[in-house]
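Structure below is upload_18.txt: compact mmCIF, C-alpha atoms.
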# COMPACT_ATOMS: atom_id res chain seq x y z
CA MET G 1 0.00 0.00 0.00
CA ASN G 2 1.27 3.48 -0.84
CA ASN G 3 2.14 6.12 1.71
CA LEU G 4 1.18 9.50 0.26
CA GLY G 5 3.13 11.37 2.93
CA LYS G 6 1.63 14.71 3.82
CA ALA G 7 -1.13 15.06 1.25
CA LEU G 8 -3.26 17.99 0.12
CA ILE G 9 -6.60 17.13 -1.44
CA ILE G 10 -7.77 19.80 -3.90
CA VAL G 11 -11.46 19.50 -4.71
CA ASN G 12 -13.61 21.14 -7.34
CA PRO G 13 -16.93 21.10 -5.46
CA VAL G 14 -19.00 21.88 -8.56
CA ALA G 15 -17.50 19.10 -10.71
CA GLN G 16 -20.16 16.89 -12.30
CA SER G 17 -22.93 19.32 -11.37
CA GLY G 18 -22.03 19.39 -7.68
CA LYS G 19 -20.96 15.78 -7.19
CA GLY G 20 -17.39 16.95 -6.60
CA ASN G 21 -18.28 18.18 -3.10
CA LYS G 22 -19.52 14.78 -1.96
CA ALA G 23 -16.67 12.99 -3.72
CA GLY G 24 -14.09 15.23 -2.02
CA ARG G 25 -15.47 14.43 1.41
CA SER G 26 -15.51 10.71 0.59
CA VAL G 27 -11.88 10.81 -0.57
CA TYR G 28 -10.82 12.67 2.56
CA GLU G 29 -12.63 10.28 4.93
CA LYS G 30 -11.42 7.12 3.23
CA LEU G 31 -7.79 8.20 2.93
CA LYS G 32 -7.74 9.43 6.54
CA ASN G 33 -9.71 6.70 8.29
CA LYS G 34 -9.29 3.56 6.20
CA TYR G 35 -5.79 4.11 4.83
CA LYS G 36 -4.45 6.22 7.76
CA GLN G 37 -3.01 8.90 5.49
CA ASP G 38 -2.00 12.40 6.66
CA VAL G 39 -4.45 14.47 4.60
CA GLU G 40 -5.79 18.00 4.42
CA ILE G 41 -8.59 19.16 2.13
CA LYS G 42 -9.14 22.46 0.31
CA TYR G 43 -11.89 23.45 -2.12
CA THR G 44 -11.57 25.63 -5.19
CA LYS G 45 -13.73 28.73 -5.01
CA HIS G 46 -13.46 30.07 -8.54
CA GLU G 47 -11.90 29.37 -11.92
CA GLY G 48 -8.12 29.41 -11.64
CA HIS G 49 -8.10 28.87 -7.87
CA GLY G 50 -6.61 25.40 -8.36
CA ILE G 51 -3.48 27.04 -9.79
CA ASP G 52 -2.98 29.09 -6.63
CA LEU G 53 -3.64 26.16 -4.30
CA ALA G 54 -1.19 23.92 -6.15
CA ALA G 55 1.46 26.65 -6.41
CA SER G 56 1.38 26.93 -2.61
CA SER G 57 1.70 23.20 -1.97
CA MET G 58 5.51 22.92 -1.74
CA ASN G 59 5.29 21.71 1.87
CA TYR G 60 3.24 18.68 0.86
CA ASP G 61 4.45 15.36 -0.51
CA THR G 62 1.39 14.70 -2.67
CA VAL G 63 -1.44 16.71 -4.16
CA VAL G 64 -4.60 14.65 -4.71
CA ILE G 65 -6.96 16.12 -7.29
CA VAL G 66 -10.70 15.47 -6.98
CA GLY G 67 -12.18 16.87 -10.17
CA GLY G 68 -11.99 16.75 -13.94
CA ASP G 69 -9.52 17.69 -16.65
CA GLY G 70 -9.92 21.39 -15.91
CA LEU G 71 -8.70 20.96 -12.34
CA VAL G 72 -5.90 18.66 -13.51
CA HIS G 73 -4.83 21.42 -15.89
CA GLU G 74 -4.92 24.06 -13.16
CA THR G 75 -3.12 21.89 -10.61
CA ALA G 76 -0.35 20.92 -13.02
CA THR G 77 0.08 24.59 -13.93
CA GLY G 78 0.43 25.47 -10.25
CA LEU G 79 2.86 22.63 -9.57
CA MET G 80 5.08 23.83 -12.40
CA ARG G 81 5.57 27.08 -10.44
CA ILE G 82 7.36 25.09 -7.73
CA GLN G 83 11.00 24.14 -8.14
CA LYS G 84 11.37 20.53 -9.27
CA LYS G 85 13.06 19.40 -6.04
CA ASP G 86 10.13 20.72 -3.96
CA ARG G 87 7.34 19.73 -6.35
CA PRO G 88 4.77 17.37 -4.79
CA LYS G 89 3.65 14.22 -6.57
CA LEU G 90 0.29 14.35 -8.35
CA ALA G 91 -2.58 11.93 -7.73
CA LEU G 92 -6.01 11.97 -9.34
CA ILE G 93 -9.47 10.85 -8.31
CA PRO G 94 -11.39 11.74 -11.48
CA VAL G 95 -14.74 13.44 -10.99
CA GLY G 96 -15.21 15.16 -14.31
CA SER G 97 -17.12 14.85 -17.55
CA GLY G 98 -14.32 14.02 -19.98
CA ASN G 99 -11.60 12.61 -17.71
CA ASP G 100 -9.07 12.24 -20.50
CA TYR G 101 -6.03 12.44 -18.24
CA SER G 102 -7.44 9.79 -15.94
CA LYS G 103 -7.85 7.54 -18.97
CA SER G 104 -4.19 8.06 -19.82
CA ILE G 105 -3.09 7.06 -16.33
CA ALA G 106 -5.82 4.38 -16.15
CA ILE G 107 -7.53 5.57 -12.96
CA THR G 108 -11.25 4.77 -12.99
CA ALA G 109 -13.95 7.41 -12.68
CA LYS G 110 -15.66 5.48 -9.86
CA VAL G 111 -14.57 7.25 -6.69
CA ASP G 112 -14.24 4.35 -4.23
CA LYS G 113 -12.46 2.16 -6.75
CA ALA G 114 -10.22 5.05 -7.80
CA ILE G 115 -9.09 5.52 -4.18
CA ASN G 116 -8.18 1.83 -3.98
CA GLU G 117 -6.32 2.09 -7.29
CA LEU G 118 -4.42 5.11 -6.03
CA MET G 119 -3.20 3.23 -2.99
CA GLU G 120 -1.82 0.48 -5.24
CA ALA G 121 -0.56 2.74 -8.04
CA GLU G 122 3.03 3.25 -9.14
CA VAL G 123 4.75 6.63 -9.10
CA LYS G 124 6.10 7.48 -12.54
CA SER G 125 7.63 10.61 -14.05
CA ALA G 126 5.40 12.21 -16.68
CA ASP G 127 5.98 14.88 -19.28
CA ILE G 128 3.99 18.10 -19.57
CA GLY G 129 3.41 20.13 -22.70
CA LYS G 130 3.95 23.86 -22.90
CA VAL G 131 2.55 26.29 -25.46
CA ASN G 132 3.77 29.88 -25.16
CA ASP G 133 3.25 30.57 -21.45
CA GLN G 134 0.60 27.87 -20.89
CA TYR G 135 1.00 24.24 -19.79
CA PHE G 136 -1.03 21.24 -20.90
CA VAL G 137 -1.09 17.72 -19.49
CA GLU G 138 -3.02 15.99 -22.28
CA THR G 139 -4.00 17.97 -25.34
CA LEU G 140 -3.60 21.08 -27.47
CA SER G 141 -5.76 21.26 -30.57
CA PHE G 142 -6.90 23.68 -33.26
CA GLY G 143 -9.77 24.03 -35.71
CA VAL G 144 -12.76 21.76 -36.00
CA ASP G 145 -11.69 19.34 -33.28
CA ALA G 146 -10.98 22.20 -30.87
CA GLY G 147 -14.40 23.65 -31.71
CA ILE G 148 -15.97 20.28 -30.97
CA ALA G 149 -14.15 19.99 -27.64
CA LEU G 150 -15.13 23.50 -26.59
CA GLY G 151 -18.70 22.93 -27.76
CA THR G 152 -18.82 19.78 -25.69
CA MET G 153 -17.73 21.74 -22.61
CA ASP G 154 -20.50 24.27 -23.24
CA LEU G 155 -23.07 21.49 -23.62
CA ARG G 156 -21.92 19.85 -20.38
CA LYS G 157 -22.34 23.12 -18.51
CA LYS G 158 -25.82 23.64 -19.97
CA THR G 159 -27.14 20.09 -19.60
CA GLY G 160 -25.13 18.59 -16.74
CA GLN G 161 -24.70 15.49 -18.89
CA LYS G 162 -21.45 13.73 -19.70
CA GLY G 163 -20.02 11.01 -21.92
CA LEU G 164 -19.13 10.59 -25.57
CA LEU G 165 -22.70 11.25 -26.72
CA LEU G 166 -22.23 14.95 -25.99
CA TYR G 167 -19.00 14.93 -27.98
CA PHE G 168 -20.83 13.41 -30.96
CA GLU G 169 -23.60 16.02 -30.64
CA SER G 170 -21.05 18.83 -30.58
CA GLY G 171 -19.20 17.24 -33.49
CA LEU G 172 -22.28 17.11 -35.67
CA ASN G 173 -23.04 20.76 -34.88
CA GLN G 174 -19.47 21.89 -35.54
CA ILE G 175 -19.19 20.08 -38.87
CA ALA G 176 -22.63 21.26 -39.99
CA HIS G 177 -22.27 24.94 -39.04
CA HIS G 178 -18.62 25.82 -38.38
CA PHE G 179 -16.66 23.72 -40.86
CA GLU G 180 -13.72 25.86 -41.94
CA SER G 181 -10.17 25.06 -42.97
CA TYR G 182 -7.05 27.09 -42.20
CA ASN G 183 -3.44 27.13 -43.31
CA PHE G 184 -0.63 26.36 -40.92
CA LYS G 185 3.13 26.10 -40.97
CA ALA G 186 4.90 23.95 -38.39
CA GLU G 187 8.66 23.91 -38.03
CA LEU G 188 9.70 20.81 -36.07
CA ASP G 189 12.90 20.50 -34.05
CA ASN G 190 14.11 17.68 -36.35
CA GLY G 191 14.19 20.11 -39.28
CA GLU G 192 10.92 18.96 -40.85
CA VAL G 193 8.61 21.73 -42.03
CA ILE G 194 4.91 21.02 -42.51
CA GLU G 195 2.83 23.49 -44.51
CA ASN G 196 -0.75 22.51 -45.04
CA GLU G 197 -4.41 23.39 -45.39
CA SER G 198 -6.14 21.60 -42.57
CA TYR G 199 -9.34 21.25 -40.59
CA ILE G 200 -7.90 19.38 -37.62
CA LEU G 201 -4.58 19.74 -35.84
CA ALA G 202 -3.99 18.03 -32.51
CA ILE G 203 -0.73 18.15 -30.58
CA GLN G 204 -0.91 15.55 -27.87
CA ASN G 205 0.98 14.70 -24.74
CA GLY G 206 -1.55 11.94 -23.96
CA ARG G 207 -3.66 9.65 -26.13
CA SER G 208 -7.12 11.18 -26.15
CA TYR G 209 -9.34 14.22 -26.06
CA GLY G 210 -13.07 14.89 -25.91
CA GLY G 211 -13.74 12.29 -23.23
CA GLY G 212 -12.03 9.33 -24.87
CA PHE G 213 -11.32 9.96 -28.56
CA PRO G 214 -7.86 8.30 -29.00
CA ILE G 215 -6.63 10.82 -31.55
CA THR G 216 -2.98 9.72 -31.06
CA PRO G 217 -3.34 6.12 -29.86
CA ASN G 218 0.40 5.49 -29.51
CA ALA G 219 1.22 8.55 -27.42
CA LYS G 220 3.27 8.06 -24.26
CA LEU G 221 3.38 10.38 -21.29
CA ASN G 222 7.03 9.71 -20.49
CA ASP G 223 8.93 9.75 -23.80
CA GLY G 224 9.65 13.49 -24.04
CA ILE G 225 7.81 13.62 -27.37
CA LEU G 226 4.63 15.33 -28.56
CA ASN G 227 2.45 13.44 -31.04
CA ILE G 228 0.89 15.47 -33.85
CA CYS G 229 -2.20 14.49 -35.86
CA TYR G 230 -3.58 16.62 -38.69
CA THR G 231 -5.71 16.40 -41.80
CA VAL G 232 -4.38 17.22 -45.26
CA GLY G 233 -6.14 18.98 -48.12
CA HIS G 234 -9.75 19.88 -48.75
CA MET G 235 -12.38 17.73 -47.07
CA SER G 236 -16.13 17.50 -47.59
CA ARG G 237 -18.50 17.51 -44.64
CA LYS G 238 -19.48 13.92 -45.47
CA LYS G 239 -15.87 12.79 -45.32
CA ALA G 240 -15.29 14.75 -42.13
CA LEU G 241 -18.22 12.99 -40.45
CA ALA G 242 -16.78 9.63 -41.47
CA ILE G 243 -13.36 10.49 -40.07
CA PHE G 244 -14.98 11.81 -36.90
CA ALA G 245 -16.78 8.50 -36.38
CA LEU G 246 -13.62 6.49 -37.05
CA ALA G 247 -11.59 8.63 -34.66
CA SER G 248 -13.92 7.75 -31.79
CA LYS G 249 -12.42 4.23 -31.90
CA GLY G 250 -8.91 5.19 -33.01
CA LYS G 251 -9.57 3.77 -36.49
CA HIS G 252 -8.66 6.95 -38.36
CA VAL G 253 -4.92 6.26 -38.27
CA ASN G 254 -4.58 4.63 -41.71
CA ARG G 255 -6.74 7.07 -43.68
CA LYS G 256 -5.06 8.95 -46.55
CA CYS G 257 -6.27 12.33 -45.33
CA ILE G 258 -4.68 11.85 -41.90
CA ARG G 259 -1.02 12.50 -41.15
CA PHE G 260 1.07 12.00 -38.03
CA ALA G 261 4.35 13.51 -36.87
CA GLN G 262 6.39 13.73 -33.70
CA ALA G 263 8.50 16.48 -32.17
CA LYS G 264 10.07 17.52 -28.92
CA LYS G 265 9.62 21.15 -29.92
CA LEU G 266 7.88 22.99 -32.74
CA HIS G 267 7.05 26.49 -33.86
CA LEU G 268 3.54 26.81 -35.28
CA ILE G 269 1.96 29.65 -37.26
CA ILE G 270 -1.71 29.65 -38.27
CA ASP G 271 -3.01 32.13 -40.84
CA LYS G 272 -5.99 33.27 -38.74
CA ILE G 273 -7.58 32.93 -35.34
CA VAL G 274 -9.25 29.52 -35.14
CA PRO G 275 -10.80 27.62 -32.24
CA CYS G 276 -8.04 26.43 -29.92
CA GLN G 277 -8.26 24.44 -26.70
CA ILE G 278 -5.69 23.56 -24.07
CA ASP G 279 -6.96 20.65 -21.94
CA GLY G 280 -10.48 21.87 -22.70
CA GLU G 281 -9.75 25.54 -21.95
CA ARG G 282 -10.11 28.24 -24.63
CA TYR G 283 -6.98 29.91 -25.97
CA GLU G 284 -6.40 32.40 -28.79
CA ASN G 285 -3.27 33.20 -30.78
CA THR G 286 -1.84 32.70 -34.26
CA GLU G 287 1.77 31.90 -33.34
CA PHE G 288 2.81 29.19 -30.93
CA ASP G 289 6.05 27.90 -29.44
CA ILE G 290 5.30 24.38 -28.28
CA GLU G 291 7.47 21.88 -26.42
CA ALA G 292 7.43 18.77 -24.28
CA ILE G 293 8.96 19.18 -20.83
CA PRO G 294 10.32 15.73 -19.94
CA ASN G 295 9.81 14.24 -16.47
CA ALA G 296 8.04 17.39 -15.28
CA ILE G 297 5.84 15.82 -12.62
CA ASP G 298 5.69 12.55 -10.69
CA VAL G 299 2.26 10.96 -11.03
CA TYR G 300 0.49 8.04 -9.37
CA VAL G 301 -0.31 5.74 -12.30
CA ASN G 302 -2.36 2.56 -12.46
CA LYS G 303 -0.26 -0.39 -13.60
CA GLU G 304 -2.75 -0.93 -16.46
CA SER G 305 -1.89 2.39 -18.13
CA MET G 306 -0.81 2.10 -21.78
CA CYS G 307 0.82 5.55 -21.77
CA PHE G 308 4.06 4.59 -20.00
Take the structure in this file and express it as structure tokens.
Amino acid sequence: MNNLGKALIIVNPVAQSGKGNKAGRSVYEKLKNKYKQDVEIKYTKHEGHGIDLAASSMNYDTVVIVGGDGLVHETATGLMRIQKKDRPKLALIPVGSGNDYSKSIAITAKVDKAINELMEAEVKSADIGKVNDQYFVETLSFGVDAGIALGTMDLRKKTGQKGLLLYFESGLNQIAHHFESYNFKAELDNGEVIENESYILAIQNGRSYGGGFPITPNAKLNDGILNICYTVGHMSRKKALAIFALASKGKHVNRKCIRFAQAKKLHLIIDKIVPCQIDGERYENTEFDIEAIPNAIDVYVNKESMCF
């Protein structure tokens, strides 16, 4: 059984339409009483508060996140403000709608089971992505797929629902009403230059986005490499819908209109402002310096994870 040391539990109380509050209390009670861990609990009070809480956690050994990908993003951002030698380990009890990072580290979204998995998990060093002055743990994407991801977030807030069905609903809306291409130029650190008209461009640290779409199925969280997936050339809406459906199962990888690349660093220029999301959060720019930061954080990972 793991010893988390002195652990800070950071809870998003409004995650999953308020279920985060109950989940946070359950995590605290079980870690303290059943597993005899030295734990303290704090709740986020507003957007971005997780960054501040994590940035002030240098006196803890572990930060346990109770929330979704948004809180993972904030917590990782805060941890990166602490010097590496003082940076606590990261643990996750997923209580979100998409839970892409939890899928990458193979921690279940069922709270009680996730706590048990945490206590048996292995600590592994994981990379973090950086774009300009922002960090990302899982995904950075542009264009149609970013619009779908952001639309899904909006739908979740409006309906309180979760799951891939919302992602499909957002995808159909995006392709039907906001289907636009853009031109980009990417200069990779290996000297390769990619210039292309595209609809989708995803730069991944982890495997999936949108609540489980394995857009880069072979991505690893500990190889110091970012995986890039993009479409090439003009695409009809009908073809886009087909690719969208295939991508939900990771079966898009051999299609002629799909390309993959890898880089430790890249410089990206896009010819106009397009939808952009960083771990589900909106971001706007046309020029991006992007890199993988190797071994940035130590993470409690289920032994079943395919990303290490």
Can you pull out the residues contacting Ala114 of chain G? Cut-off 12 Å, using only C-alpha atoms, and skip same-chain residues under 2 positions away; I want them as a CSV table (one decimal) with C-alpha atoms, in the coordinates of the input.
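See out10.csv below for the written result:
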chain,number,residue,atom,x,y,z
G,23,ALA,CA,-16.7,13.0,-3.7
G,26,SER,CA,-15.5,10.7,0.6
G,27,VAL,CA,-11.9,10.8,-0.6
G,30,LYS,CA,-11.4,7.1,3.2
G,31,LEU,CA,-7.8,8.2,2.9
G,64,VAL,CA,-4.6,14.6,-4.7
G,65,ILE,CA,-7.0,16.1,-7.3
G,66,VAL,CA,-10.7,15.5,-7.0
G,91,ALA,CA,-2.6,11.9,-7.7
G,92,LEU,CA,-6.0,12.0,-9.3
G,93,ILE,CA,-9.5,10.8,-8.3
G,94,PRO,CA,-11.4,11.7,-11.5
G,95,VAL,CA,-14.7,13.4,-11.0
G,102,SER,CA,-7.4,9.8,-15.9
G,103,LYS,CA,-7.8,7.5,-19.0
G,105,ILE,CA,-3.1,7.1,-16.3
G,106,ALA,CA,-5.8,4.4,-16.2
G,107,ILE,CA,-7.5,5.6,-13.0
G,108,THR,CA,-11.2,4.8,-13.0
G,109,ALA,CA,-14.0,7.4,-12.7
G,110,LYS,CA,-15.7,5.5,-9.9
G,111,VAL,CA,-14.6,7.2,-6.7
G,112,ASP,CA,-14.2,4.4,-4.2
G,116,ASN,CA,-8.2,1.8,-4.0
G,117,GLU,CA,-6.3,2.1,-7.3
G,118,LEU,CA,-4.4,5.1,-6.0
G,119,MET,CA,-3.2,3.2,-3.0
G,120,GLU,CA,-1.8,0.5,-5.2
G,121,ALA,CA,-0.6,2.7,-8.0
G,300,TYR,CA,0.5,8.0,-9.4
G,301,VAL,CA,-0.3,5.7,-12.3
G,302,ASN,CA,-2.4,2.6,-12.5
Problem set entry | For Arg81 of chain G, the nearest of the candidates G:Ser56, G:Asn173, G:Ser125, G:Thr62, counting all atoms listed in the file |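 Using all atoms listed in the file, Arg81 of chain G sits closest to G:Ser56.
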For this session: Just the residues within 7 Å of segment 219-234 of chain G, please, counting only C-alpha atoms, with nothing from its chain fewer than 2 positions along; format it as a VMD selection string.
Result: chain G and resid 125 to 127 196 to 207 216 to 217 236 257 to 264 292 to 295 307 to 308
For this session: For Val193 of chain G, please output as number ranges by chain all residues within 12 Å (counting all atoms listed in the file; exclusion window: fewer than 3 positions along the same chain).
Result: G: 184-190, 196, 261-263, 266-269
Seminar exercise, completed: Nearest to Val144 of chain G, restricted to all atoms listed in the file and choosing among G:Arg237, G:Lys130, G:Lys251, G:Lys34, comes out as G:Arg237
Problem set entry | Distance of atom CA of Ile128 of chain G from atom CA of Asp38 of chain G, expressed in Å to one decimal place |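 Between atom CA of Asp38 of chain G and atom CA of Ile128 of chain G the gap is 27.5 Å.
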Problem set entry | Distance of atom CA of Gly98 of chain G from atom CA of Ile175 of chain G, expressed in Å to one decimal place |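 Computing it gives 20.4 Å between the two atoms.
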For this session: Determine the nearest neighbour of Phe168 of chain G from the options G:Gly191, G:Gly280, G:Gly129, G:Gly212, counting all atoms listed in the file.
Result: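 Result for the nearest residue to Phe168 of chain G: G:Gly212.
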Exercise. Between atom CA of Leu8 of chain G and atom CA of Leu79 of chain G, what is the spacing in Å?
Worked result: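 Distance between the two atoms: 12.4 Å.
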Tell me, counting only C-alpha atoms, for each residue of segment 43-122 of chain G within 9 Å of segment 16-19 of chain G, which pair of atoms is nearest and how far apart they are in Å to one decimal, in rows ordered by chain and increasing number, as JSON lines.
{"residue": "G:Gly67", "atom": "CA", "partner": "G:Gln16", "partner_atom": "CA", "distance": 8.3}
{"residue": "G:Gly68", "atom": "CA", "partner": "G:Gln16", "partner_atom": "CA", "distance": 8.3}
{"residue": "G:Val95", "atom": "CA", "partner": "G:Gln16", "partner_atom": "CA", "distance": 6.6}
{"residue": "G:Gly96", "atom": "CA", "partner": "G:Gln16", "partner_atom": "CA", "distance": 5.6}
{"residue": "G:Ser97", "atom": "CA", "partner": "G:Gln16", "partner_atom": "CA", "distance": 6.4}
Exercise. Which is closest to Val39 of chain G among G:Val123, G:Ile273, G:Val63, G:Ala149, if we use all atoms listed in the file?
Worked result: G:Val63
For this session: Rank G:Glu122, G:Asp154, G:Asp100, G:Asp133 by their smallest atom-to-atom distance to Glu291 of chain G, using only C-alpha atoms, and report the top residue only.
Result: G:Asp133
Exercise. Which one is closest to Glu169 of chain G: G:Phe244, G:Tyr135, G:Arg87, G:Lys113? Count all atoms listed in the file.
Worked result: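 Smallest distance to Glu169 of chain G is found for G:Phe244.
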Exercise. So which residues touch Asp52 of chain G within 12 Å, counting all atoms listed in the file, skipping near sequence neighbours fewer than 6 positions away, as an NGL selection string?
Worked result: :G and (10 or 42-46 or 58 or 71 or 74-82)
For this session: Name the residues within 7 Å of (2.2, 5.6, 8.3), counting all atoms listed in the file in the file's coordinates, and put them as a list in words.
Result: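 Taken together, the residues in range are Asn3, Lys36 and Gln37 of chain G.
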Exercise. Quick one: residues within 8 Å of Phe213 of chain G, only C-alpha atoms counted, chain neighbours fewer than 5 positions away excluded, as an NGL selection string?
Worked result: :G and (208 or 247-250)
